[in-house]
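Source file: input34.txt (compact mmCIF, C-alpha atoms)
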```txt
# COMPACT_ATOMS: atom_id res chain seq x y z
CA MET A 298 28.77 14.44 61.05
CA MET A 299 30.19 13.17 57.75
CA MET A 300 28.43 9.85 58.33
CA LYS A 301 25.09 11.65 58.52
CA LEU A 302 25.42 12.91 54.96
CA PHE A 303 25.61 9.38 53.60
CA MET A 304 23.02 7.76 55.86
CA PRO A 305 19.30 7.62 55.11
CA SER A 306 17.38 10.11 57.21
CA SER A 307 15.52 7.42 59.18
CA LEU A 308 18.70 5.57 60.05
CA SER A 309 20.37 8.77 61.18
CA LEU A 310 17.35 9.49 63.36
CA PHE A 311 17.69 6.07 64.93
CA MET A 312 21.37 6.65 65.54
CA SER A 313 20.73 10.00 67.16
CA LEU A 314 18.03 8.53 69.41
CA LYS A 315 20.30 5.68 70.43
CA MET A 316 23.13 8.02 71.21
CA LYS A 317 20.76 10.31 73.13
CA SER A 318 19.63 7.48 75.39
CA LEU A 319 23.20 6.34 75.88
CA SER A 320 24.22 9.83 76.97
CA TYR A 321 21.36 9.99 79.47
CA SER A 322 22.41 6.74 81.12
CA ASN A 323 25.30 8.50 82.81
CA TYR A 324 23.05 11.04 84.53
CA THR A 325 19.68 9.46 85.26
CA SER A 326 18.29 5.99 85.77
CA ARG A 327 14.71 7.04 84.93
CA ARG A 328 13.52 6.83 81.36
CA MET A 329 10.65 8.98 80.08
CA SER A 330 8.46 7.28 77.53
CA HIS A 331 9.46 9.67 74.76
CA ASP A 332 13.13 8.77 75.14
CA ILE A 333 12.93 5.03 74.51
CA LEU A 334 11.27 2.94 71.83
CA PRO A 335 8.14 1.02 72.91
CA ARG A 336 8.69 -2.61 73.79
CA SER A 337 4.99 -3.58 73.91
CA PRO A 338 1.71 -2.36 72.45
CA TYR A 339 0.58 -1.18 75.89
CA HIS A 340 0.85 2.40 77.05
CA VAL A 341 2.97 2.86 80.17
CA LEU A 342 1.97 6.33 81.35
CA ASP A 343 4.36 9.04 82.38
CA PRO A 344 3.89 10.36 85.95
CA SER A 345 0.94 12.76 85.93
CA PRO A 346 -0.45 15.26 88.46
CA TRP A 347 -3.98 15.23 87.08
CA PRO A 348 -5.62 12.42 89.10
CA ILE A 349 -4.66 13.85 92.51
CA LEU A 350 -5.48 17.41 91.44
CA MET A 351 -8.87 16.30 90.11
CA ALA A 352 -9.57 14.63 93.45
CA VAL A 353 -8.75 17.89 95.25
CA GLY A 354 -10.85 19.96 92.84
CA LEU A 355 -13.88 17.68 93.09
CA TRP A 356 -13.59 17.61 96.88
CA GLY A 357 -13.57 21.41 96.87
CA LEU A 358 -16.65 21.49 94.63
CA ALA A 359 -18.53 18.97 96.79
CA MET A 360 -17.69 20.81 100.03
CA THR A 361 -18.71 24.12 98.45
CA PHE A 362 -22.07 22.73 97.37
CA ILE A 363 -22.72 21.28 100.83
CA CYS A 364 -21.81 24.60 102.48
CA TRP A 365 -24.04 26.53 100.07
CA ALA A 366 -27.00 24.20 100.61
CA ASN A 367 -26.70 24.63 104.38
CA GLY A 368 -26.19 28.38 104.34
CA VAL A 369 -22.53 28.28 105.37
CA SER A 370 -20.07 30.69 103.74
CA CYS A 371 -18.62 29.02 100.64
CA ASN A 372 -15.69 31.11 99.47
CA MET A 373 -13.91 27.97 98.22
CA LEU A 374 -16.29 27.83 95.24
CA LEU A 375 -14.00 29.46 92.70
CA LEU A 376 -10.98 27.52 93.93
CA GLY A 377 -12.56 24.08 93.61
CA ALA A 378 -14.20 24.89 90.27
CA GLY A 379 -11.00 26.52 89.02
CA ILE A 380 -8.86 23.52 89.90
CA ALA A 381 -11.32 21.11 88.30
CA ALA A 382 -11.50 23.21 85.12
CA MET A 383 -7.73 23.42 84.94
CA VAL A 384 -7.38 19.67 85.36
CA VAL A 385 -10.00 18.99 82.68
CA TYR A 386 -8.02 21.15 80.25
CA GLY A 387 -4.61 19.71 81.19
CA TRP A 388 -5.65 16.07 81.30
CA THR A 389 -7.52 16.31 78.00
CA ARG A 390 -4.54 18.03 76.41
CA ASP A 391 -2.23 15.24 77.58
CA LEU A 392 -4.66 12.58 76.38
CA VAL A 393 -4.89 14.15 72.92
CA ASN A 394 -1.12 14.51 72.73
CA GLU A 395 -0.53 10.89 73.73
CA GLY A 396 -3.19 9.42 71.46
CA THR A 397 -3.23 11.61 68.37
CA PHE A 398 0.29 12.99 68.14
CA GLN A 399 2.54 10.50 69.94
CA GLY A 400 0.82 7.34 68.73
CA PHE A 401 0.44 5.56 72.06
CA HIS A 402 -3.14 4.47 71.31
CA THR A 403 -2.43 1.15 69.65
CA LYS A 404 -5.19 -1.40 69.09
CA LYS A 405 -4.50 -2.88 72.52
CA VAL A 406 -4.79 0.50 74.21
CA GLN A 407 -7.93 1.32 72.24
CA SER A 408 -9.61 -1.89 73.37
CA GLY A 409 -8.75 -1.06 76.98
CA LEU A 410 -10.20 2.44 76.64
CA THR A 411 -13.32 0.98 75.00
CA LEU A 412 -13.84 -1.45 77.89
CA GLY A 413 -13.44 1.38 80.36
CA PHE A 414 -16.02 3.51 78.59
CA ILE A 415 -18.49 0.63 78.42
CA LEU A 416 -18.14 0.19 82.18
CA PHE A 417 -18.73 3.92 82.63
CA LEU A 418 -21.95 3.67 80.57
CA VAL A 419 -23.06 0.74 82.73
CA SER A 420 -22.48 2.85 85.86
CA GLU A 421 -24.60 5.65 84.35
CA LEU A 422 -27.30 3.10 83.57
CA MET A 423 -27.30 2.01 87.22
CA LEU A 424 -27.69 5.66 88.29
CA PHE A 425 -30.87 6.03 86.24
CA PHE A 426 -32.00 2.56 87.29
CA SER A 427 -31.97 3.64 90.92
CA PHE A 428 -34.21 6.65 90.26
CA PHE A 429 -36.57 4.62 88.12
CA TRP A 430 -36.78 2.17 91.04
CA GLY A 431 -37.82 5.02 93.30
CA PHE A 432 -40.45 6.10 90.80
CA PHE A 433 -41.93 2.61 90.49
CA HIS A 434 -41.84 2.17 94.28
CA SER A 435 -44.24 5.10 94.65
CA ALA A 436 -46.21 4.76 91.42
CA LEU A 437 -47.12 1.09 91.75
CA SER A 438 -48.43 1.50 95.32
CA PRO A 439 -49.58 5.11 95.78
CA SER A 440 -50.04 6.05 99.41
CA LEU A 441 -53.22 7.12 101.17
CA GLU A 442 -52.00 10.71 101.57
CA MET A 443 -51.92 11.29 97.80
CA GLY A 444 -55.31 9.74 97.22
CA CYS A 445 -54.32 6.12 96.47
CA CYS A 446 -53.95 6.99 92.80
CA TRP A 447 -51.17 7.83 90.38
CA PRO A 448 -50.70 10.57 89.37
CA PRO A 449 -51.57 11.97 92.81
CA VAL A 450 -54.62 14.12 93.34
CA GLY A 451 -53.95 17.75 92.47
CA ILE A 452 -51.12 17.10 90.01
CA ASP A 453 -51.79 18.44 86.52
CA CYS A 454 -49.53 16.23 84.38
CA LEU A 455 -47.90 17.41 81.19
CA ASP A 456 -49.60 16.32 77.97
CA TRP A 457 -47.23 13.73 76.46
CA SER A 458 -48.40 14.42 72.88
CA LYS A 459 -47.19 18.03 72.93
CA ALA A 460 -43.70 19.12 74.05
CA PRO A 461 -42.47 15.69 75.26
CA LEU A 462 -43.29 14.09 71.89
CA HIS A 463 -41.50 16.92 70.09
CA ASN A 464 -38.49 16.42 72.38
CA THR A 465 -38.52 12.70 71.59
CA ALA A 466 -38.51 13.47 67.87
CA LEU A 467 -35.60 15.89 68.36
CA LEU A 468 -33.46 13.38 70.22
CA VAL A 469 -34.19 10.48 67.86
CA ALA A 470 -33.48 12.70 64.85
CA SER A 471 -30.21 13.83 66.46
CA SER A 472 -29.21 10.18 66.94
CA CYS A 473 -29.85 9.59 63.22
CA THR A 474 -27.84 12.65 62.18
CA VAL A 475 -24.89 11.74 64.40
CA THR A 476 -24.91 8.22 62.93
CA SER A 477 -24.88 9.77 59.47
CA SER A 478 -21.94 11.95 60.50
CA HIS A 479 -20.09 8.89 61.74
CA LYS A 480 -20.64 7.09 58.42
CA TYR A 481 -19.35 10.12 56.52
CA LEU A 482 -16.24 10.16 58.72
CA LYS A 483 -15.64 6.46 58.13
CA ALA A 484 -15.94 7.07 54.39
CA GLY A 485 -13.38 9.90 54.60
CA ASN A 486 -15.82 12.74 53.81
CA PHE A 487 -14.82 15.17 56.58
CA ASN A 488 -16.85 18.17 55.42
CA SER A 489 -20.15 16.27 55.43
CA ALA A 490 -19.27 14.68 58.75
CA VAL A 491 -18.75 18.14 60.25
CA ALA A 492 -22.03 19.40 58.76
CA MET A 493 -24.08 16.50 60.17
CA LEU A 494 -22.41 16.91 63.56
CA ILE A 495 -23.32 20.60 63.62
CA LEU A 496 -26.93 19.61 62.82
CA THR A 497 -26.83 17.13 65.70
CA VAL A 498 -25.64 19.78 68.15
CA PHE A 499 -28.34 22.14 66.88
CA LEU A 500 -31.08 19.56 67.51
CA SER A 501 -29.77 18.88 71.01
CA ALA A 502 -29.72 22.62 71.75
CA LEU A 503 -33.39 22.77 70.70
CA PHE A 504 -34.12 19.91 73.09
CA VAL A 505 -32.49 21.71 76.01
CA LYS A 506 -34.34 24.93 75.18
CA ASN A 507 -37.69 23.07 75.04
CA GLN A 508 -37.04 21.30 78.32
CA TYR A 509 -36.22 24.63 79.96
CA GLY A 510 -39.51 25.99 78.62
CA GLU A 511 -41.38 23.02 80.09
CA TYR A 512 -39.66 23.52 83.46
CA ALA A 513 -40.40 27.24 83.47
CA TRP A 514 -44.14 26.79 82.84
CA SER A 515 -44.77 23.58 84.80
CA SER A 516 -47.74 23.71 87.17
CA PHE A 517 -45.96 21.51 89.74
CA THR A 518 -42.48 21.77 91.29
CA ILE A 519 -39.92 19.41 92.83
CA ALA A 520 -41.50 20.17 96.22
CA ASP A 521 -44.92 18.85 95.15
CA GLY A 522 -44.84 15.43 96.76
CA VAL A 523 -43.18 12.29 95.50
CA TYR A 524 -44.48 12.85 91.95
CA GLY A 525 -42.68 16.18 91.68
CA SER A 526 -39.52 14.76 93.26
CA CYS A 527 -39.37 11.74 90.94
CA PHE A 528 -40.28 13.75 87.85
CA PHE A 529 -37.74 16.53 88.31
CA MET A 530 -34.96 14.23 89.58
CA LEU A 531 -35.28 11.95 86.54
CA THR A 532 -35.82 14.61 83.89
CA GLY A 533 -33.30 16.96 85.52
CA LEU A 534 -30.63 14.27 85.69
CA HIS A 535 -31.35 13.38 82.07
CA GLY A 536 -31.14 17.05 81.10
CA MET A 537 -27.71 17.31 82.73
CA HIS A 538 -26.61 14.23 80.80
CA VAL A 539 -27.88 15.81 77.58
CA MET A 540 -25.82 18.92 78.31
CA GLY A 541 -22.79 16.76 79.07
CA GLY A 542 -23.29 14.75 75.89
CA THR A 543 -23.64 17.96 73.87
CA SER A 544 -20.37 19.21 75.37
CA GLY A 545 -18.73 15.95 74.28
CA LEU A 546 -20.08 16.32 70.76
CA LEU A 547 -18.85 19.94 70.61
CA TYR A 548 -15.42 18.79 71.77
CA CYS A 549 -15.41 16.19 68.98
CA LEU A 550 -16.53 18.88 66.51
CA VAL A 551 -13.52 21.02 67.40
CA ARG A 552 -11.18 18.04 67.07
CA MET A 553 -12.77 17.02 63.78
CA LEU A 554 -12.21 20.53 62.41
CA ALA A 555 -8.59 20.23 63.56
CA ARG A 556 -8.37 16.94 61.61
CA HIS A 557 -7.47 14.89 64.68
CA PHE A 558 -9.71 12.04 63.50
CA SER A 559 -8.94 9.59 60.73
CA SER A 560 -11.48 7.44 58.95
CA THR A 561 -10.45 4.40 61.00
CA HIS A 562 -9.23 5.88 64.30
CA HIS A 563 -11.60 8.26 66.10
CA LEU A 564 -12.11 6.74 69.51
CA ALA A 565 -13.24 9.95 71.22
CA TYR A 566 -15.94 10.43 68.59
CA THR A 567 -17.06 6.82 68.91
CA PHE A 568 -17.43 7.26 72.66
CA ALA A 569 -19.32 10.55 72.26
CA ILE A 570 -21.74 8.84 69.87
CA TRP A 571 -22.28 5.92 72.23
CA TYR A 572 -22.97 8.36 75.06
CA TRP A 573 -25.46 10.20 72.84
CA HIS A 574 -27.28 6.97 71.98
CA PHE A 575 -27.39 6.14 75.72
CA VAL A 576 -28.92 9.55 76.47
CA ASP A 577 -31.47 8.96 73.71
CA ILE A 578 -32.44 5.52 75.04
CA VAL A 579 -32.83 6.89 78.58
CA TRP A 580 -35.11 9.64 77.22
CA LEU A 581 -37.23 7.01 75.43
CA ALA A 582 -37.58 5.15 78.75
CA LEU A 583 -38.47 8.44 80.48
CA PHE A 584 -41.01 9.30 77.78
CA PHE A 585 -42.83 6.00 77.83
CA ILE A 586 -42.67 5.38 81.60
CA ILE A 587 -42.93 8.84 83.18
CA TYR A 588 -44.81 10.88 80.59
CA ILE A 589 -47.18 8.29 79.07
CA TRP A 590 -47.60 5.50 81.63
CA GLY A 591 -47.18 7.80 84.65
CA SER A 592 -49.88 10.23 83.57
CA MET B 64 15.87 5.23 50.39
CA ALA B 65 13.97 6.32 53.47
CA GLN B 66 10.66 5.48 51.78
CA VAL B 67 11.94 2.00 50.97
CA LEU B 68 13.09 1.46 54.52
CA ARG B 69 9.79 2.71 55.92
CA ARG B 70 7.74 0.26 53.89
CA THR B 71 9.99 -2.77 54.44
CA SER B 72 8.57 -4.82 57.27
CA GLY B 73 11.85 -6.20 58.59
CA VAL B 74 14.11 -3.17 58.61
CA GLY B 75 11.75 -0.19 58.54
CA LYS B 76 9.62 -0.82 61.65
CA PRO B 77 11.94 0.03 64.53
CA LEU B 78 13.33 3.13 62.82
CA VAL B 79 10.22 5.32 62.83
CA ARG B 80 7.47 5.55 65.47
CA ARG B 81 4.36 4.32 63.70
CA PHE B 82 0.88 5.49 64.63
CA ALA B 83 -1.98 3.07 65.13
CA THR B 84 -3.36 4.04 61.74
CA GLU B 85 -1.40 5.36 58.83
CA VAL B 86 -2.94 6.47 55.57
CA ASP B 87 -0.77 7.50 52.65
CA PRO B 88 -1.84 11.10 51.84
CA ASN B 89 -1.09 10.50 48.15
CA LEU B 90 -3.51 7.58 47.99
CA LYS B 91 -6.72 8.26 46.10
CA LYS B 92 -9.88 8.26 48.18
CA SER B 93 -11.35 5.22 46.42
CA GLU B 94 -8.25 3.21 47.26
CA VAL B 95 -8.45 3.87 50.99
CA PHE B 96 -9.12 0.63 52.79
CA LEU B 97 -12.38 0.86 54.73
CA PRO B 98 -12.94 -2.04 57.09
CA LYS B 99 -16.35 -3.55 56.66
CA VAL B 100 -17.94 -3.92 60.09
CA ALA B 101 -20.33 -6.88 60.21
CA GLY B 102 -20.36 -6.94 56.41
CA ARG B 103 -21.63 -3.34 56.11
CA ASP B 104 -19.86 -0.94 53.75
CA PRO B 105 -19.74 2.67 55.06
CA HIS B 106 -20.35 4.04 51.55
CA ASN B 107 -23.75 2.28 51.29
CA GLU B 108 -24.82 3.15 54.83
CA ILE B 109 -24.51 6.90 54.28
CA GLY B 110 -27.50 7.05 51.92
CA LYS B 111 -29.66 5.07 54.30
CA TRP B 112 -28.95 7.28 57.31
CA ASN B 113 -29.28 10.47 55.29
CA SER B 114 -32.71 9.36 54.11
CA ILE B 115 -33.80 8.50 57.65
CA SER B 116 -32.52 11.83 58.98
CA PHE B 117 -33.88 14.18 56.31
CA PHE B 118 -37.05 12.40 55.18
CA LEU B 119 -38.21 11.01 58.52
CA GLY B 120 -36.43 12.65 61.45
CA ILE B 121 -36.59 16.33 60.50
CA PRO B 122 -40.19 16.27 59.15
CA VAL B 123 -41.42 14.54 62.32
CA CYS B 124 -39.68 17.23 64.38
CA ILE B 125 -41.43 19.95 62.36
CA LEU B 126 -44.84 18.27 62.57
CA THR B 127 -44.63 17.70 66.32
CA ARG B 128 -43.56 21.32 66.80
CA ILE B 129 -46.58 22.54 64.84
CA TYR B 130 -48.85 20.29 66.90
CA GLU B 131 -47.26 21.60 70.11
CA GLN B 132 -47.89 25.21 69.04
CA MET B 133 -51.59 24.43 68.61
CA ASP B 134 -51.91 23.95 72.40
CA GLU B 135 -54.03 26.72 73.95
CA SER B 136 -53.70 25.64 77.58
CA HIS B 137 -50.12 26.84 78.01
CA GLY B 138 -49.59 28.87 81.19
CA LYS B 139 -53.11 28.58 82.61
CA ARG B 140 -53.67 28.83 86.34
CA ASN B 141 -55.32 25.86 88.04
CA PRO B 142 -57.58 26.58 91.04
CA PHE B 143 -55.65 26.39 94.32
CA VAL B 144 -56.56 23.54 96.71
CA PRO B 145 -54.44 23.24 99.91
CA TYR B 146 -53.60 19.52 99.60
CA SER B 147 -51.31 18.29 102.39
CA HIS B 148 -49.21 16.11 100.06
CA LEU B 149 -48.36 19.03 97.75
CA ARG B 150 -46.33 22.20 98.32
CA ILE B 151 -44.25 20.45 100.99
CA ARG B 152 -42.11 22.99 102.88
CA LYS B 153 -39.70 21.14 105.22
CA LYS B 154 -36.61 23.21 104.49
CA ALA B 155 -36.17 26.39 102.48
CA PHE B 156 -34.05 26.37 99.32
CA PRO B 157 -30.70 28.17 99.83
CA TRP B 158 -31.60 31.25 97.77
CA GLU B 159 -33.59 34.37 98.45
CA GLY B 160 -37.28 33.54 98.65
CA GLY B 161 -36.43 29.85 98.84
CA ALA B 162 -39.12 29.21 101.42
CA GLU B 163 -41.81 29.38 98.73
CA ARG B 164 -39.97 29.50 95.40
CA SER B 165 -38.30 26.53 93.67
CA LEU B 166 -35.46 26.85 91.16
CA PHE B 167 -37.82 27.12 88.16
CA HIS B 168 -40.57 28.98 89.99
CA CYS B 169 -43.36 30.27 87.74
CA PRO B 170 -45.43 32.89 89.57
CA ILE B 171 -48.35 32.29 87.21
CA THR B 172 -48.72 28.50 87.56
CA ASN B 173 -46.92 27.70 90.87
CA PRO B 174 -48.82 28.59 94.04
CA GLY B 175 -47.13 28.87 97.45
CA SER B 176 -48.19 26.81 100.44
CA GLN B 177 -50.98 29.32 101.21
CA GLY B 178 -52.05 30.11 97.65
CA TYR B 179 -50.91 32.08 94.64
CA MET B 180 -48.50 34.87 95.59
CA ASP B 181 -48.32 38.42 94.30
CA LEU B 182 -45.57 39.11 91.79
CA SER B 183 -42.37 40.65 93.13
CA PRO B 184 -40.93 43.66 91.21
CA ASP B 185 -38.44 41.38 89.41
CA GLU B 186 -41.13 38.87 88.54
CA GLU B 187 -43.37 41.67 87.29
CA ILE B 188 -40.73 42.53 84.67
CA SER B 189 -40.41 38.94 83.39
CA TRP B 190 -43.91 37.55 83.88
CA GLY B 191 -46.16 40.60 84.08
CA LYS B 192 -47.09 40.54 80.39
CA TYR B 193 -48.41 36.97 80.72
CA MET B 194 -50.44 37.86 83.82
CA HIS B 195 -52.15 40.83 82.26
CA GLY B 196 -52.94 39.02 79.02
CA GLU B 197 -50.65 41.13 76.86
CA HIS B 198 -48.84 38.10 75.37
```
Full structure transcribed into structure tokens:
Amino acid sequence: MMMKLFMPSSLSLFMSLKMKSLSYSNYTSRRMSHDILPRSPYHVLDPSPWPILMAVGLWGLAMTFICWANGVSCNMLLLGAGIAAMVVYGWTRDLVNEGTFQGFHTKKVQSGLTLGFILFLVSELMLFFSFFWGFFHSALSPSLEMGCCWPPVGIDCLDWSKAPLHNTALLVASSCTVTSSHKYLKAGNFNSAVAMLILTVFLSALFVKNQYGEYAWSSFTIADGVYGSCFFMLTGLHGMHVMGGTSGLLYCLVRMLARHFSSTHHLAYTFAIWYWHFVDIVWLALFFIIYIWGS
Amino acid sequence: MAQVLRRTSGVGKPLVRRFATEVDPNLKKSEVFLPKVAGRDPHNEIGKWNSISFFLGIPVCILTRIYEQMDESHGKRNPFVPYSHLRIRKKAFPWEGGAERSLFHCPITNPGSQGYMDLSPDEEISWGKYMHGEH
């Protein structure tokens, strides 16, 4: 105790940590990552329940959807959704704690996370690629039943120069505003970064509202032949991605307001922006291929 | 003493857990090191993206919205023709009325397999004003 008064605070902290780990060695052979000093720039994770619980929750959700679609009683709905929601909260909380507050996200860890997210974007690209393949399969060789023409006989296509063009402008503008927000963050101007991010979320909300309006007034449905199926599968899937991307941007907005991000380290925000640019590029492909070429 | 130890590379590093990035809060904003990515300075890029957003992006959004509002053909009923490749009914949707109504069913513009259907009481509340030309 007397030694502590004469030691620098950092050295006394080191001494207390060392003594703490020495005292544990008599009682347990397992070290938790917060007890020992890191020996490498990699992040060795503590045991976590989230992956297995997420698997259970997603299984519950999938089974519930299948039961509902086939008219079977689906009382497991709340359980599966509840577990998944709980895991999303808990896993995200742990991730934020490890990265922002405990400092485990070194440059090596960041590069690993970046590679993982790039692979995820590639998998999303393949998902849309498969539905575009289905569209081209039918559109390039229209069958006899639909009149050997595309769009099929009886389909009143949406005018691309009206709502779809406005939606394109909204998404492209939102990509510009989110880029501006990112530049503000990198320059250290947090207030302007927050303002541009709020503008981005507002533009995306307008997009979702417009798409809902188009869906509500459309003269054809998903049950109207292969045109309806392709159109609503592609635009519906894109709409769900827009809503997911907006959720990601809102999550980053909350974290930015909580000052989790620095001007040089904001990996979650970088990923959210990449996802938003991906959503924008997919919409451009949808606009030019489905709305303009396909009509 | 602690500050000296923290900044010394040899002795200070193992004593305190260091985060991936560490900015001195007392440092002035102009002195903060900003890495130039591909030779681009974040301070210069801000003006460019602000100009694109506010002088190109937002005006185009407003103009396209005005052009969209000029459309008079919104919500018009097309004549019903019983094509075999449209209004396919192999399996009903798992909600009430799913045999003829999709998720975003519009009773004004979406006919059933046999033709346009009369509005249900619930649909009359939401869509009645468009049917009777009150909107």
- Distance in Å - CA of Leu374 in chain A versus CA of Thr361 in chain A: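 Result for CA of Leu374 in chain A versus CA of Thr361 in chain A: 5.5 Å, one decimal.
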- Counting only C-alpha atoms, what is within 10 Å of Gly444 in chain A, bar same-chain residues fewer than 6 positions away, as a VMD selection string? (chain A and resid 450 to 451) or (chain B and resid 148)
query: Got a sec: who's within 12 Å of Phe362 in chain A, counting all atoms listed in the file, leaving out chain neighbours fewer than 2 positions off, as number ranges by chain?
result: A: 355-360, 364-375, 377-378; B: 157
Go ahead and save the residues from that selection, with C-alpha atoms, as a JSON list (two decimals), keeping the file's coordinate frame.
```
[["chain", "number", "residue", "atom", "x", "y", "z"],
["A", 355, "LEU", "CA", -13.88, 17.68, 93.09],
["A", 356, "TRP", "CA", -13.59, 17.61, 96.88],
["A", 357, "GLY", "CA", -13.57, 21.41, 96.87],
["A", 358, "LEU", "CA", -16.65, 21.49, 94.63],
["A", 359, "ALA", "CA", -18.53, 18.97, 96.79],
["A", 360, "MET", "CA", -17.69, 20.81, 100.03],
["A", 364, "CYS", "CA", -21.81, 24.60, 102.48],
["A", 365, "TRP", "CA", -24.04, 26.53, 100.07],
["A", 366, "ALA", "CA", -27.00, 24.20, 100.61],
["A", 367, "ASN", "CA", -26.70, 24.63, 104.38],
["A", 368, "GLY", "CA", -26.19, 28.38, 104.34],
["A", 369, "VAL", "CA", -22.53, 28.28, 105.37],
["A", 370, "SER", "CA", -20.07, 30.69, 103.74],
["A", 371, "CYS", "CA", -18.62, 29.02, 100.64],
["A", 372, "ASN", "CA", -15.69, 31.11, 99.47],
["A", 373, "MET", "CA", -13.91, 27.97, 98.22],
["A", 374, "LEU", "CA", -16.29, 27.83, 95.24],
["A", 375, "LEU", "CA", -14.00, 29.46, 92.70],
["A", 377, "GLY", "CA", -12.56, 24.08, 93.61],
["A", 378, "ALA", "CA", -14.20, 24.89, 90.27],
["B", 157, "PRO", "CA", -30.70, 28.17, 99.83]]
```
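CA of Thr567 in chain A lies 27.3 Å from CA of Phe585 in chain A.
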Take every atom of range 466-481 of chain A listed in the file, pad by 3 Å on each side, and give me the axis-aligned box centre and edge lengths in Å, one decimal, as JSON.
```
{"center_x": -28.9, "center_y": 11.5, "center_z": 63.4, "size_x": 25.2, "size_y": 14.8, "size_z": 19.7}
```
**OP:** List the neighbours of Ser408 in chain A out to 12 Å using only C-alpha atoms; skip same-chain residues closer than 6 positions along the sequence, and give me the result as a list in words.
**Re:**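 With the cut-off at 12 Å, the set is Pro338, Tyr339, His340, His402, Phe414, Ile415, His562 and Leu564 of chain A.
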Next on the checklist: Residues of chain A within 8 Å of chain B, counting only C-alpha atoms - could you list those as a ChimeraX atom specification?
Outcome noted: /A:305-308,310-311,334,365-368,399-404,442-443,451,458-460,462-463,466-467,469-470,473-474,476-477,480-481,483-485,512-522,559-562
The distance between CA of Ile570 in chain A and CA of Ser478 in chain A is 9.9 Å
Protein and nucleic acid residues near (-49.9, 6.4, 91.3) (cut-off 12 Å, all atoms listed in the file) as a ChimeraX atom specification = /A:432-450,452,522-524,527,587,590-592
Please produce a file of those selected residues containing C-alpha atoms, as a CSV table (one decimal), in the coordinates of the input.
```csv
chain,number,residue,atom,x,y,z
A,432,PHE,CA,-40.4,6.1,90.8
A,433,PHE,CA,-41.9,2.6,90.5
A,434,HIS,CA,-41.8,2.2,94.3
A,435,SER,CA,-44.2,5.1,94.6
A,436,ALA,CA,-46.2,4.8,91.4
A,437,LEU,CA,-47.1,1.1,91.8
A,438,SER,CA,-48.4,1.5,95.3
A,439,PRO,CA,-49.6,5.1,95.8
A,440,SER,CA,-50.0,6.0,99.4
A,441,LEU,CA,-53.2,7.1,101.2
A,442,GLU,CA,-52.0,10.7,101.6
A,443,MET,CA,-51.9,11.3,97.8
A,444,GLY,CA,-55.3,9.7,97.2
A,445,CYS,CA,-54.3,6.1,96.5
A,446,CYS,CA,-54.0,7.0,92.8
A,447,TRP,CA,-51.2,7.8,90.4
A,448,PRO,CA,-50.7,10.6,89.4
A,449,PRO,CA,-51.6,12.0,92.8
A,450,VAL,CA,-54.6,14.1,93.3
A,452,ILE,CA,-51.1,17.1,90.0
A,522,GLY,CA,-44.8,15.4,96.8
A,523,VAL,CA,-43.2,12.3,95.5
A,524,TYR,CA,-44.5,12.8,92.0
A,527,CYS,CA,-39.4,11.7,90.9
A,587,ILE,CA,-42.9,8.8,83.2
A,590,TRP,CA,-47.6,5.5,81.6
A,591,GLY,CA,-47.2,7.8,84.6
A,592,SER,CA,-49.9,10.2,83.6
```
Quick one: range 417-426 of chain A with N, CA and C atoms, as an mmCIF file, in the frame of the given file?
```
data_model
loop_
_atom_site.group_PDB
_atom_site.id
_atom_site.type_symbol
_atom_site.label_atom_id
_atom_site.label_comp_id
_atom_site.auth_asym_id
_atom_site.auth_seq_id
_atom_site.Cartn_x
_atom_site.Cartn_y
_atom_site.Cartn_z
ATOM 1 N N PHE A 417 -18.191 2.626 82.211
ATOM 2 C CA PHE A 417 -18.730 3.920 82.630
ATOM 3 C C PHE A 417 -20.200 4.044 82.241
ATOM 4 N N LEU A 418 -20.544 3.612 81.009
ATOM 5 C CA LEU A 418 -21.950 3.670 80.570
ATOM 6 C C LEU A 418 -22.814 2.773 81.454
ATOM 7 N N VAL A 419 -22.297 1.632 81.855
ATOM 8 C CA VAL A 419 -23.060 0.740 82.730
ATOM 9 C C VAL A 419 -23.298 1.419 84.081
ATOM 10 N N SER A 420 -22.304 2.143 84.582
ATOM 11 C CA SER A 420 -22.480 2.850 85.860
ATOM 12 C C SER A 420 -23.539 3.944 85.725
ATOM 13 N N GLU A 421 -23.566 4.630 84.580
ATOM 14 C CA GLU A 421 -24.600 5.650 84.350
ATOM 15 C C GLU A 421 -25.984 5.002 84.274
ATOM 16 N N LEU A 422 -26.027 3.825 83.656
ATOM 17 C CA LEU A 422 -27.300 3.100 83.570
ATOM 18 C C LEU A 422 -27.810 2.769 84.968
ATOM 19 N N MET A 423 -26.896 2.354 85.854
ATOM 20 C CA MET A 423 -27.300 2.010 87.220
ATOM 21 C C MET A 423 -27.808 3.248 87.948
ATOM 22 N N LEU A 424 -27.226 4.421 87.650
ATOM 23 C CA LEU A 424 -27.690 5.660 88.290
ATOM 24 C C LEU A 424 -29.152 5.920 87.943
ATOM 25 N N PHE A 425 -29.482 5.818 86.639
ATOM 26 C CA PHE A 425 -30.870 6.030 86.240
ATOM 27 C C PHE A 425 -31.765 4.914 86.745
ATOM 28 N N PHE A 426 -31.228 3.691 86.787
ATOM 29 C CA PHE A 426 -32.000 2.560 87.290
ATOM 30 C C PHE A 426 -32.477 2.812 88.715
#
```
